[in-house]
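entry_25.txt, holding compact mmCIF, C-alpha atoms and all ligand atoms:
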# COMPACT_ATOMS: atom_id res chain seq x y z
CA MET E 519 99.14 -193.64 32.87
CA ASN E 520 98.14 -197.09 31.62
CA VAL E 521 94.69 -195.75 30.70
CA LEU E 522 96.32 -192.93 28.74
CA LYS E 523 98.55 -195.55 27.11
CA SER E 524 95.43 -197.43 25.92
CA LEU E 525 94.25 -194.17 24.36
CA ASP E 526 97.67 -193.57 22.71
CA LEU E 527 98.18 -190.43 24.79
CA GLN E 528 101.05 -191.64 26.98
CA ASN E 529 103.89 -190.02 25.05
CA GLU E 530 102.22 -186.64 24.68
CA ILE E 531 101.22 -186.37 28.34
CA GLN E 532 104.85 -186.89 29.38
CA ASP E 533 105.68 -183.44 28.01
CA VAL E 534 103.16 -181.84 30.36
CA GLY E 535 104.29 -183.39 33.65
CA PHE E 536 107.39 -184.33 35.65
CA PHE E 537 108.85 -187.76 36.31
CA CYS E 538 109.47 -188.68 39.89
CA ASP E 539 112.88 -190.23 40.70
CA ASN E 540 111.76 -191.71 44.00
CA MET E 541 109.38 -191.36 46.93
CA VAL E 542 110.91 -190.51 50.29
CA PHE E 543 109.50 -190.30 53.80
CA ARG E 544 111.19 -187.82 56.14
CA ASN E 545 110.84 -186.95 59.79
CA ASN E 546 110.70 -183.41 61.16
CA LYS E 547 114.53 -183.17 61.06
CA GLU E 548 114.53 -184.03 57.31
CA LYS E 549 116.04 -187.46 58.01
CA ILE E 550 114.93 -190.04 55.44
CA ILE E 551 113.11 -192.78 57.36
CA ALA E 552 111.87 -194.80 54.37
CA GLU E 553 112.24 -194.75 50.61
CA VAL E 554 110.48 -196.24 47.58
CA ASN E 555 112.46 -196.47 44.40
CA THR E 556 110.30 -195.74 41.36
CA ASN E 557 112.84 -196.24 38.58
CA GLN E 558 111.63 -199.76 37.78
CA ASP E 559 107.97 -198.69 37.44
CA LYS E 560 107.93 -198.72 33.67
CA SER E 561 109.25 -202.29 33.43
CA HIS E 562 107.10 -203.47 36.37
CA TYR E 563 103.84 -201.71 35.64
CA GLY E 564 103.98 -200.64 32.00
CA SER E 565 104.32 -196.92 32.70
CA ASP E 566 106.26 -194.46 34.78
CA GLY E 567 104.33 -192.31 37.23
CA LEU E 568 103.99 -188.65 36.38
CA ILE E 569 103.50 -185.61 38.61
CA ILE E 570 101.22 -183.21 36.79
CA LYS E 571 99.30 -180.05 37.63
CA ARG E 572 95.55 -180.58 37.61
CA GLY E 573 94.84 -177.56 35.35
CA LEU E 574 97.39 -178.64 32.73
CA PHE E 575 95.99 -182.18 32.73
CA GLN E 576 92.46 -180.86 32.25
CA LYS E 577 93.66 -178.59 29.42
CA PHE E 578 95.39 -181.55 27.78
CA LEU E 579 92.24 -183.72 27.94
CA ARG E 580 89.98 -180.85 26.82
CA GLU E 581 92.12 -180.22 23.74
CA LYS E 582 92.00 -183.94 22.87
CA VAL E 583 88.20 -183.97 23.22
CA ILE E 584 87.86 -180.93 20.97
CA SER E 585 90.29 -182.27 18.37
CA ASN E 586 88.19 -185.46 18.20
CA ASN E 587 85.13 -183.33 17.32
CA ILE E 588 83.36 -184.12 20.58
CA GLN E 589 81.13 -181.22 21.52
CA ILE E 590 81.46 -179.51 24.90
CA GLU E 591 78.70 -177.25 26.25
CA TRP E 592 80.04 -174.85 28.88
CA ASN E 593 78.30 -173.41 31.95
CA LYS E 594 75.53 -176.00 32.15
CA LYS E 595 74.58 -176.72 35.75
CA LEU E 596 72.49 -179.86 36.13
CA GLU E 597 69.35 -179.32 38.21
CA SER E 598 67.04 -182.27 37.50
CA ILE E 599 66.74 -185.47 35.48
CA LYS E 600 63.61 -186.95 33.91
CA THR E 601 63.66 -190.55 32.74
CA ASP E 602 61.05 -192.02 30.44
CA ASN E 603 62.01 -193.77 27.25
CA ASP E 604 64.80 -191.20 26.96
CA VAL E 605 66.72 -189.32 29.62
CA VAL E 606 66.26 -185.55 29.83
CA ALA E 607 68.74 -183.48 31.82
CA LYS E 608 67.50 -180.03 32.84
CA PHE E 609 69.98 -177.24 33.54
CA LYS E 610 69.90 -174.10 35.66
CA ASP E 611 69.65 -171.85 32.58
CA ASN E 612 66.36 -173.63 31.72
CA SER E 613 67.89 -175.46 28.76
CA ASP E 614 67.77 -179.24 28.54
CA ALA E 615 69.48 -182.13 26.76
CA LYS E 616 67.94 -185.43 25.69
CA GLY E 617 69.71 -188.75 25.17
CA ASP E 618 69.56 -192.55 25.48
CA LEU E 619 71.58 -192.50 28.69
CA LEU E 620 73.17 -190.07 31.12
CA ILE E 621 76.58 -190.42 32.74
CA GLY E 622 77.04 -188.30 35.86
CA CYS E 623 80.71 -187.38 36.25
CA ASP E 624 80.03 -184.39 38.48
CA GLY E 625 82.42 -185.08 41.32
CA LEU E 626 82.37 -185.33 45.10
CA HIS E 627 79.08 -183.44 45.68
CA SER E 628 77.44 -184.99 42.59
CA LYS E 629 73.98 -183.63 41.79
CA THR E 630 73.34 -186.74 39.65
CA ARG E 631 73.99 -188.94 42.71
CA GLN E 632 71.68 -186.80 44.87
CA ILE E 633 68.90 -187.07 42.25
CA ILE E 634 69.04 -190.82 41.55
CA PHE E 635 69.98 -191.91 45.07
CA PRO E 636 68.54 -189.34 47.51
CA ASP E 637 69.17 -191.72 50.43
CA ALA E 638 72.76 -192.60 49.48
CA PRO E 639 75.48 -192.18 52.14
CA LEU E 640 76.85 -188.63 52.16
CA PRO E 641 80.56 -187.92 51.68
CA LYS E 642 82.27 -188.36 55.05
CA TYR E 643 84.63 -185.62 56.27
CA THR E 644 87.99 -187.05 57.35
CA GLY E 645 88.85 -184.32 59.87
CA VAL E 646 91.62 -183.01 57.60
CA VAL E 647 91.78 -179.83 55.50
CA LEU E 648 94.44 -179.68 52.83
CA ALA E 649 96.31 -176.38 52.85
CA GLY E 650 98.15 -176.49 49.57
CA GLY E 651 100.14 -174.11 47.45
CA ILE E 652 102.72 -173.62 44.77
CA SER E 653 105.95 -171.76 45.53
CA LYS E 654 108.57 -170.71 43.03
CA ASN E 655 112.40 -170.54 43.30
CA GLN E 656 112.95 -173.18 45.95
CA SER E 657 116.71 -173.39 46.16
CA LYS E 658 117.35 -175.66 49.17
CA THR E 659 115.11 -178.65 48.50
CA PRO E 660 115.97 -181.76 46.48
CA THR E 661 114.16 -181.89 43.14
CA ASN E 662 112.07 -184.65 41.52
CA GLN E 663 111.51 -186.46 44.80
CA LEU E 664 107.96 -187.00 45.97
CA THR E 665 108.36 -186.31 49.67
CA PHE E 666 106.10 -187.29 52.56
CA ARG E 667 107.23 -185.40 55.64
CA PHE E 668 106.02 -186.17 59.13
CA GLY E 669 106.50 -182.89 60.99
CA SER E 670 106.17 -182.55 64.73
CA LYS E 671 102.68 -181.04 64.35
CA VAL E 672 101.58 -181.60 60.79
CA TYR E 673 102.04 -183.96 57.85
CA LEU E 674 103.20 -182.32 54.63
CA ASN E 675 103.83 -183.68 51.18
CA TYR E 676 105.69 -181.90 48.45
CA PHE E 677 107.37 -182.23 45.10
CA VAL E 678 109.92 -179.76 43.76
CA THR E 679 110.20 -179.73 39.98
CA SER E 680 113.47 -179.42 38.06
CA ASP E 681 112.46 -175.74 37.48
CA ARG E 682 112.53 -175.41 41.30
CA GLU E 683 108.81 -174.93 41.75
CA ALA E 684 107.42 -176.58 44.87
CA MET E 685 103.93 -178.06 44.89
CA TRP E 686 102.97 -178.85 48.45
CA GLY E 687 100.12 -179.69 50.77
CA ALA E 688 99.97 -179.43 54.57
CA HIS E 689 97.30 -181.62 56.18
CA MET E 690 95.61 -179.53 58.87
CA LYS E 691 93.38 -181.29 61.41
CA ILE E 692 90.22 -179.20 61.78
CA LYS E 693 87.02 -180.24 63.55
CA GLN E 694 83.90 -180.55 61.40
CA ASP E 695 81.94 -177.90 63.32
CA LEU E 696 84.70 -175.34 62.57
CA LEU E 697 84.61 -175.91 58.80
CA SER E 698 81.96 -173.26 58.14
CA ASP E 699 84.12 -170.61 59.89
CA LEU E 700 87.07 -171.52 57.68
CA THR E 701 85.70 -169.76 54.59
CA SER E 702 85.90 -166.40 56.37
CA VAL E 703 89.54 -166.90 57.51
CA SER E 704 91.71 -164.44 55.54
CA SER E 705 94.64 -165.68 53.42
CA GLU E 706 97.14 -164.01 55.76
CA THR E 707 95.65 -165.64 58.88
CA TRP E 708 95.49 -169.00 57.11
CA LYS E 709 99.15 -168.71 56.08
CA GLN E 710 100.12 -167.84 59.66
CA LYS E 711 98.13 -170.81 61.00
CA ILE E 712 100.06 -173.13 58.67
CA LEU E 713 103.42 -171.54 59.52
CA ASP E 714 102.70 -172.00 63.25
CA LYS E 715 102.51 -175.76 62.63
CA PHE E 716 106.16 -175.72 61.56
CA SER E 717 107.47 -173.47 64.33
CA ASP E 718 109.09 -176.43 66.17
CA ASP E 719 110.75 -177.84 63.06
CA SER E 720 114.03 -176.44 61.89
CA SER E 721 113.33 -176.84 58.24
CA TYR E 722 113.42 -175.30 54.82
CA VAL E 723 109.75 -176.11 54.34
CA SER E 724 108.59 -172.90 56.07
CA GLU E 725 110.06 -171.18 53.02
CA PHE E 726 107.42 -172.91 50.83
CA ILE E 727 104.64 -171.50 52.88
CA GLU E 728 106.09 -168.00 53.17
CA ASN E 729 106.50 -167.80 49.37
CA ALA E 730 103.18 -169.30 48.36
CA SER E 731 100.21 -167.50 46.95
CA ASN E 732 96.60 -168.71 46.50
CA LEU E 733 96.68 -171.17 49.38
CA THR E 734 93.91 -173.76 49.26
CA LYS E 735 91.57 -174.78 52.08
CA LEU E 736 90.23 -178.13 50.86
CA PRO E 737 88.36 -180.33 53.35
CA LEU E 738 89.01 -183.99 52.48
CA TYR E 739 86.11 -186.43 52.13
CA ASP E 740 85.45 -189.97 51.03
CA ILE E 741 82.50 -192.32 50.55
CA GLU E 742 83.26 -195.81 51.77
CA SER E 743 80.75 -197.52 49.49
CA LEU E 744 77.60 -196.69 47.54
CA PRO E 745 75.02 -199.51 47.30
CA SER E 746 74.76 -198.94 43.54
CA TRP E 747 76.32 -196.75 40.86
CA TYR E 748 73.42 -196.75 38.40
CA LYS E 749 69.68 -196.59 38.20
CA GLY E 750 67.88 -197.29 34.93
CA SER E 751 69.68 -195.40 32.20
CA VAL E 752 71.64 -193.06 34.54
CA CYS E 753 75.12 -194.04 35.74
CA LEU E 754 77.86 -192.48 37.89
CA VAL E 755 81.59 -192.42 37.16
CA GLY E 756 84.64 -190.94 38.88
CA ASP E 757 84.31 -189.15 42.22
CA SER E 758 80.52 -189.10 41.94
CA ALA E 759 80.61 -192.92 42.28
CA HIS E 760 83.78 -193.38 44.30
CA THR E 761 85.16 -190.38 46.16
CA THR E 762 88.45 -191.13 47.89
CA THR E 763 90.89 -189.12 49.97
CA PRO E 764 94.13 -188.19 48.20
CA HIS E 765 96.34 -190.25 50.57
CA ALA E 766 96.95 -193.00 48.03
CA GLY E 767 97.13 -190.49 45.12
CA GLN E 768 94.51 -192.53 43.27
CA GLY E 769 91.30 -190.47 42.84
CA ALA E 770 91.93 -189.26 39.30
CA SER E 771 93.50 -192.58 38.32
CA LEU E 772 90.43 -194.48 39.54
CA ALA E 773 88.21 -192.05 37.63
CA LEU E 774 90.18 -192.70 34.44
CA GLU E 775 90.11 -196.48 34.93
CA SER E 776 86.35 -196.41 35.57
CA ALA E 777 85.71 -194.20 32.55
CA LEU E 778 87.58 -196.59 30.26
CA THR E 779 85.83 -199.64 31.75
CA LEU E 780 82.42 -197.98 31.35
CA ALA E 781 83.23 -197.08 27.74
CA ARG E 782 84.27 -200.68 27.05
CA CYS E 783 81.10 -202.11 28.65
CA LEU E 784 78.90 -199.74 26.61
CA ARG E 785 80.83 -200.59 23.45
CA ASP E 786 80.56 -204.35 23.94
CA THR E 787 77.03 -204.72 25.41
CA SER E 788 73.89 -203.74 23.52
CA ASP E 789 71.63 -203.33 26.57
CA THR E 790 72.48 -200.18 28.56
CA GLU E 791 71.54 -201.46 32.02
CA ASP E 792 73.40 -204.68 31.38
CA ALA E 793 76.49 -202.62 30.43
CA PHE E 794 76.16 -200.53 33.63
CA SER E 795 75.83 -203.69 35.71
CA LYS E 796 79.00 -205.21 34.17
CA TYR E 797 80.88 -201.94 34.67
CA GLN E 798 79.87 -201.78 38.32
CA SER E 799 80.79 -205.38 39.09
CA GLN E 800 84.18 -205.03 37.38
CA ARG E 801 85.11 -201.81 39.17
CA LYS E 802 83.46 -201.72 42.59
CA PRO E 803 85.75 -204.20 44.43
CA ARG E 804 88.90 -202.40 43.26
CA VAL E 805 87.77 -198.88 44.05
CA GLU E 806 86.44 -199.81 47.49
CA LYS E 807 89.77 -201.43 48.30
CA MET E 808 91.60 -198.25 47.20
CA ILE E 809 89.23 -195.99 49.19
CA ALA E 810 89.87 -198.07 52.34
CA LEU E 811 93.62 -198.09 51.69
CA ALA E 812 93.72 -194.31 51.22
CA ARG E 813 91.78 -193.82 54.46
CA ARG E 814 94.14 -196.12 56.41
CA GLN E 815 97.20 -194.36 54.96
CA GLY E 816 95.67 -190.97 55.76
CA GLU E 817 95.09 -191.96 59.37
CA MET E 818 98.67 -193.20 59.67
CA PHE E 819 100.22 -190.17 57.89
CA THR E 820 98.24 -187.55 59.84
CA ALA E 821 98.49 -189.26 63.26
CA THR E 822 99.00 -186.86 66.18
CA ASN E 823 99.21 -189.37 69.03
CA PRO E 824 102.92 -189.49 70.06
CA ILE E 825 102.97 -193.30 70.42
CA LYS E 826 101.38 -193.82 67.00
CA LYS E 827 103.84 -191.32 65.48
CA TRP E 828 106.83 -192.99 67.07
CA PHE E 829 105.63 -196.43 65.95
CA ARG E 830 104.97 -195.20 62.36
CA ASN E 831 108.39 -193.59 62.05
CA SER E 832 110.12 -196.67 63.50
CA VAL E 833 108.49 -199.37 61.37
CA LEU E 834 107.58 -197.59 58.13
CA SER E 835 110.66 -198.69 56.23
CA MET E 836 110.10 -202.34 57.22
CA MET E 837 106.37 -202.09 56.41
CA ILE E 838 107.12 -200.76 52.93
CA LYS E 839 109.60 -203.60 52.26
CA LYS E 840 107.17 -206.25 53.52
CA ASN E 841 104.17 -204.83 51.64
CA SER E 842 105.55 -204.63 48.12
CA GLN E 843 102.37 -206.39 46.91
CA MET E 844 100.44 -203.27 48.01
CA PHE E 845 102.26 -201.22 45.35
CA ASP E 846 101.55 -203.94 42.78
CA GLU E 847 97.85 -203.80 43.65
CA ILE E 848 97.78 -200.04 43.14
CA TYR E 849 99.94 -199.69 40.06
CA ASP E 850 99.80 -203.01 38.23
CA TYR E 851 96.15 -202.65 37.25
CA LYS E 852 95.19 -202.48 33.60
CA VAL E 853 91.87 -202.05 31.86
CA ASP E 854 91.80 -204.43 28.93
CA TRP E 855 90.54 -202.01 26.30
C1 LIG E 901 93.55 -182.06 47.63
C2 LIG E 901 93.37 -183.17 46.64
C3 LIG E 901 94.48 -183.81 46.11
C4 LIG E 901 94.33 -184.83 45.18
N1 LIG E 901 95.44 -185.46 44.69
C5 LIG E 901 95.30 -186.48 43.81
C6 LIG E 901 96.43 -187.16 43.27
O1 LIG E 901 97.58 -186.86 43.62
N2 LIG E 901 96.23 -188.15 42.37
C7 LIG E 901 94.98 -188.52 41.97
O2 LIG E 901 94.86 -189.46 41.14
N3 LIG E 901 93.89 -187.91 42.47
C8 LIG E 901 94.01 -186.90 43.36
N4 LIG E 901 92.91 -186.27 43.87
C9 LIG E 901 91.58 -186.73 43.48
C10 LIG E 901 91.12 -186.18 42.13
O3 LIG E 901 91.19 -184.78 42.11
C11 LIG E 901 89.68 -186.60 41.87
O4 LIG E 901 89.52 -187.96 42.17
C12 LIG E 901 89.32 -186.36 40.42
O5 LIG E 901 89.35 -184.98 40.12
C13 LIG E 901 87.92 -186.91 40.12
O6 LIG E 901 87.57 -186.58 38.82
P1 LIG E 901 86.05 -186.40 38.43
O7 LIG E 901 86.06 -186.03 37.00
O8 LIG E 901 85.28 -187.60 38.85
O9 LIG E 901 85.50 -185.21 39.33
P2 LIG E 901 85.93 -183.67 39.35
O10 LIG E 901 87.34 -183.51 38.93
O11 LIG E 901 85.52 -183.16 40.69
O12 LIG E 901 85.02 -183.01 38.22
C14 LIG E 901 83.63 -182.84 38.41
C15 LIG E 901 83.12 -181.84 37.39
O13 LIG E 901 81.69 -181.77 37.47
C16 LIG E 901 81.29 -180.42 37.44
N5 LIG E 901 79.97 -180.30 38.13
C17 LIG E 901 79.72 -180.37 39.46
N6 LIG E 901 78.39 -180.21 39.69
C18 LIG E 901 77.81 -180.04 38.48
C19 LIG E 901 76.46 -179.82 38.04
N7 LIG E 901 75.41 -179.75 38.90
N8 LIG E 901 76.21 -179.68 36.71
C20 LIG E 901 77.23 -179.77 35.81
N9 LIG E 901 78.54 -179.98 36.16
C21 LIG E 901 78.81 -180.09 37.47
C22 LIG E 901 82.42 -179.67 38.16
O14 LIG E 901 82.41 -178.31 37.79
C23 LIG E 901 83.65 -180.42 37.64
O15 LIG E 901 84.08 -179.89 36.42
C24 LIG E 901 93.03 -185.23 44.79
C25 LIG E 901 91.91 -184.59 45.32
C26 LIG E 901 92.07 -183.56 46.25
C27 LIG E 901 90.84 -182.88 46.83

Would you put the structure from the file into structure tokens?
Amino acid sequence: MNVLKSLDLQNEIQDVGFFCDNMVFRNNKEKIIAEVNTNQDKSHYGSDGLIIKRGLFQKFLREKVISNNIQIEWNKKLESIKTDNDVVAKFKDNSDAKGDLLIGCDGLHSKTRQIIFPDAPLPKYTGVVLAGGISKNQSKTPTNQLTFRFGSKVYLNYFVTSDREAMWGAHMKIKQDLLSDLTSVSSETWKQKILDKFSDDSSYVSEFIENASNLTKLPLYDIESLPSWYKGSVCLVGDSAHTTTPHAGQGASLALESALTLARCLRDTSDTEDAFSKYQSQRKPRVEKMIALARRQGEMFTATNPIKKWFRNSVLSMMIKKNSQMFDEIYDYKVDW
């Protein structure tokens, strides 16, 4: 949100998303075991947090790009890169594009990363597949609360909008060697598998799952650290440089922060490699800290060991109170544009 503020887009984006009144942590009986009040975020951090659907956010950004006369070429799949004095990107349709530099923002399984760093660490599977969906007309659940619910078998997070639409994700533990079989699991079987995880919990959340369509099966990955984010005149940004799990809700935010920092370094430094080097040194420590934090939170949230679960549910409230600087580290970060 602070990046969008630097770009004068903060007010407009607010019309596309939903404000969150607070974050609550519940056990499998819906009892609130910890709470984070978010109503001081604007005065503390400069912006309120916003819950927004990915597609609407992308549409918003795309329209801004187009209205600023920045050209977009659709359906270009990068296949190879040639670097000489210039950089030439070659695409699957046999077309190419030439420029002074190339910025690879092609996500988790980045082709740019594979080309410039063939020996780089591969994204690491976390053992969790996110089964997510959107369900309309949720009448029983509180609205505008970002909820983290520790069920007896599975961790679920959800947010119900003021229009009573629930966006939710159940974190299913699935072994790596079973991932390839997952693609052939039918939607009905997948839905039943998720519902079975809630069979011991007397809860309204089963209603989300029953009512949902287009359920996702997203294996979650991260990359702890890449030795470098650039080589010559080619540089990575966003998930291609720093993939994180969604457990700190920071992947897209880190991508936006990195993009703005990279833009500033290129604006203020005449030599491209020098700009890439400054960008990397300004961003790498923060993103690696966030990746590690997200992984730790993920392990705690998705724990299945009964002792770990009991301990988490007993001390979470105290941990949140004692670790208020953790929230400051996440949210009180600003790129000086
Ligand atoms: C389940 C889940 C929940 C998440 N929740 C949150 C959240 O609550 N908050 C948050 O901040 N982040 C969240 N994230 C993380 C967030 O989605 C990512 O960090 C963010 O999308 C990264 O943006 P990006 O532009 O770097 O990559 P992407 O959004 O992955 O975009 C990469 C683009 O590159 C294109 N591409 C790929 N290969 C090629 C190629 N060879 N040639 C040309 N183009 C190519 C793709 O089509 C895509 O358009 C979540 C992620 C997941 C998986």

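If one restricts the calculation to all atoms listed in the file, the set of residues situated within 6 Å of ligand LIG 901 (chain E) consists of E:Lys594, E:Lys595, E:Leu596, E:Cys623, E:Asp624, E:Gly625, E:Leu626, E:Ser628, E:Lys629, E:Leu648, E:Gly756, E:Asp757, E:Ser758, E:Pro764, E:Gly767, E:Gln768, E:Gly769, E:Ala770, E:Ser771, E:Ala773.
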
Pick from E:Val534, E:Lys839, E:Leu774, E:Gln589, whichever lies nearest to E:Arg572 using all atoms listed in the file
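The closest residue to E:Arg572 is E:Val534.
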
Protein and nucleic acid residues near (97.7, -177.2, 46.2) (cut-off 10 Å, only C-alpha atoms) as JSON, numbers by chain:
{"E": [571, 572, 648, 649, 650, 651, 652, 653, 676, 684, 685, 686, 687, 688, 730, 732, 733, 734, 735, 736]}

Work out how far apart atom CA of E:Arg785 and atom CA of E:Leu754 are and give it in Å to one decimal.
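Straight-line distance from atom CA of E:Arg785 to atom CA of E:Leu754 works out to 16.8 Å.
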
Ref. answer, residues at most 12 Å from (107.7, -175.5, 69.3) with only C-alpha atoms, as a CSV table (one decimal) with C-alpha atoms, in the coordinates of the input:
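The new file selection-v2.csv reads:
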chain,number,residue,atom,x,y,z
E,546,ASN,CA,110.7,-183.4,61.2
E,669,GLY,CA,106.5,-182.9,61.0
E,670,SER,CA,106.2,-182.6,64.7
E,671,LYS,CA,102.7,-181.0,64.4
E,713,LEU,CA,103.4,-171.5,59.5
E,714,ASP,CA,102.7,-172.0,63.2
E,715,LYS,CA,102.5,-175.8,62.6
E,716,PHE,CA,106.2,-175.7,61.6
E,717,SER,CA,107.5,-173.5,64.3
E,718,ASP,CA,109.1,-176.4,66.2
E,719,ASP,CA,110.8,-177.8,63.1
E,720,SER,CA,114.0,-176.4,61.9

Could you please determine the separation between atom CA of E:Gln843 and atom CA of E:Glu530 in Å, to one decimal place?
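Result for atom CA of E:Gln843 versus atom CA of E:Glu530: 29.7 Å, one decimal.
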
Point-to-point distance in Å for atom CA of E:Ser743 and atom CA of E:Ala759:
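Separation between atom CA of E:Ala759 and atom CA of E:Ser743: 8.6 Å.
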
As an mmCIF file, keeping the file's coordinate frame, please: stretch 641-658 of chain E completed to N, CA and C atoms.
data_model
loop_
_atom_site.group_PDB
_atom_site.id
_atom_site.type_symbol
_atom_site.label_atom_id
_atom_site.label_comp_id
_atom_site.auth_asym_id
_atom_site.auth_seq_id
_atom_site.Cartn_x
_atom_site.Cartn_y
_atom_site.Cartn_z
ATOM 1 N N PRO E 641 79.107 -187.916 51.519
ATOM 2 C CA PRO E 641 80.560 -187.920 51.680
ATOM 3 C C PRO E 641 80.922 -187.671 53.151
ATOM 4 N N LYS E 642 81.899 -188.445 53.639
ATOM 5 C CA LYS E 642 82.270 -188.360 55.050
ATOM 6 C C LYS E 642 83.540 -187.501 55.191
ATOM 7 N N TYR E 643 83.473 -186.494 56.042
ATOM 8 C CA TYR E 643 84.630 -185.620 56.270
ATOM 9 C C TYR E 643 85.671 -186.385 57.093
ATOM 10 N N THR E 644 86.930 -186.272 56.690
ATOM 11 C CA THR E 644 87.990 -187.050 57.350
ATOM 12 C C THR E 644 88.635 -186.336 58.533
ATOM 13 N N GLY E 645 88.234 -185.076 58.766
ATOM 14 C CA GLY E 645 88.850 -184.320 59.870
ATOM 15 C C GLY E 645 90.091 -183.567 59.411
ATOM 16 N N VAL E 646 90.391 -183.642 58.101
ATOM 17 C CA VAL E 646 91.620 -183.010 57.600
ATOM 18 C C VAL E 646 91.272 -182.015 56.494
ATOM 19 N N VAL E 647 91.898 -180.824 56.575
ATOM 20 C CA VAL E 647 91.780 -179.830 55.500
ATOM 21 C C VAL E 647 93.142 -179.702 54.844
ATOM 22 N N LEU E 648 93.159 -179.787 53.519
ATOM 23 C CA LEU E 648 94.440 -179.680 52.830
ATOM 24 C C LEU E 648 94.744 -178.231 52.510
ATOM 25 N N ALA E 649 95.834 -177.740 53.120
ATOM 26 C CA ALA E 649 96.310 -176.380 52.850
ATOM 27 C C ALA E 649 97.432 -176.530 51.841
ATOM 28 N N GLY E 650 97.137 -176.230 50.598
ATOM 29 C CA GLY E 650 98.150 -176.490 49.570
ATOM 30 C C GLY E 650 98.549 -175.220 48.853
ATOM 31 N N GLY E 651 99.696 -175.274 48.213
ATOM 32 C CA GLY E 651 100.140 -174.110 47.450
ATOM 33 C C GLY E 651 101.253 -174.464 46.494
ATOM 34 N N ILE E 652 101.603 -173.471 45.707
ATOM 35 C CA ILE E 652 102.720 -173.620 44.770
ATOM 36 C C ILE E 652 103.681 -172.472 45.046
ATOM 37 N N SER E 653 104.969 -172.796 45.205
ATOM 38 C CA SER E 653 105.950 -171.760 45.530
ATOM 39 C C SER E 653 107.115 -171.857 44.562
ATOM 40 N N LYS E 654 107.497 -170.714 44.034
ATOM 41 C CA LYS E 654 108.570 -170.710 43.030
ATOM 42 C C LYS E 654 109.947 -170.543 43.692
ATOM 43 N N ASN E 655 111.000 -170.784 42.911
ATOM 44 C CA ASN E 655 112.400 -170.540 43.300
ATOM 45 C C ASN E 655 112.814 -171.201 44.609
ATOM 46 N N GLN E 656 112.514 -172.462 44.754
ATOM 47 C CA GLN E 656 112.950 -173.180 45.950
ATOM 48 C C GLN E 656 114.380 -173.678 45.744
ATOM 49 N N SER E 657 115.307 -173.088 46.454
ATOM 50 C CA SER E 657 116.710 -173.390 46.160
ATOM 51 C C SER E 657 117.260 -174.524 47.021
ATOM 52 N N LYS E 658 116.684 -174.740 48.228
ATOM 53 C CA LYS E 658 117.350 -175.660 49.170
ATOM 54 C C LYS E 658 116.850 -177.093 49.097
#
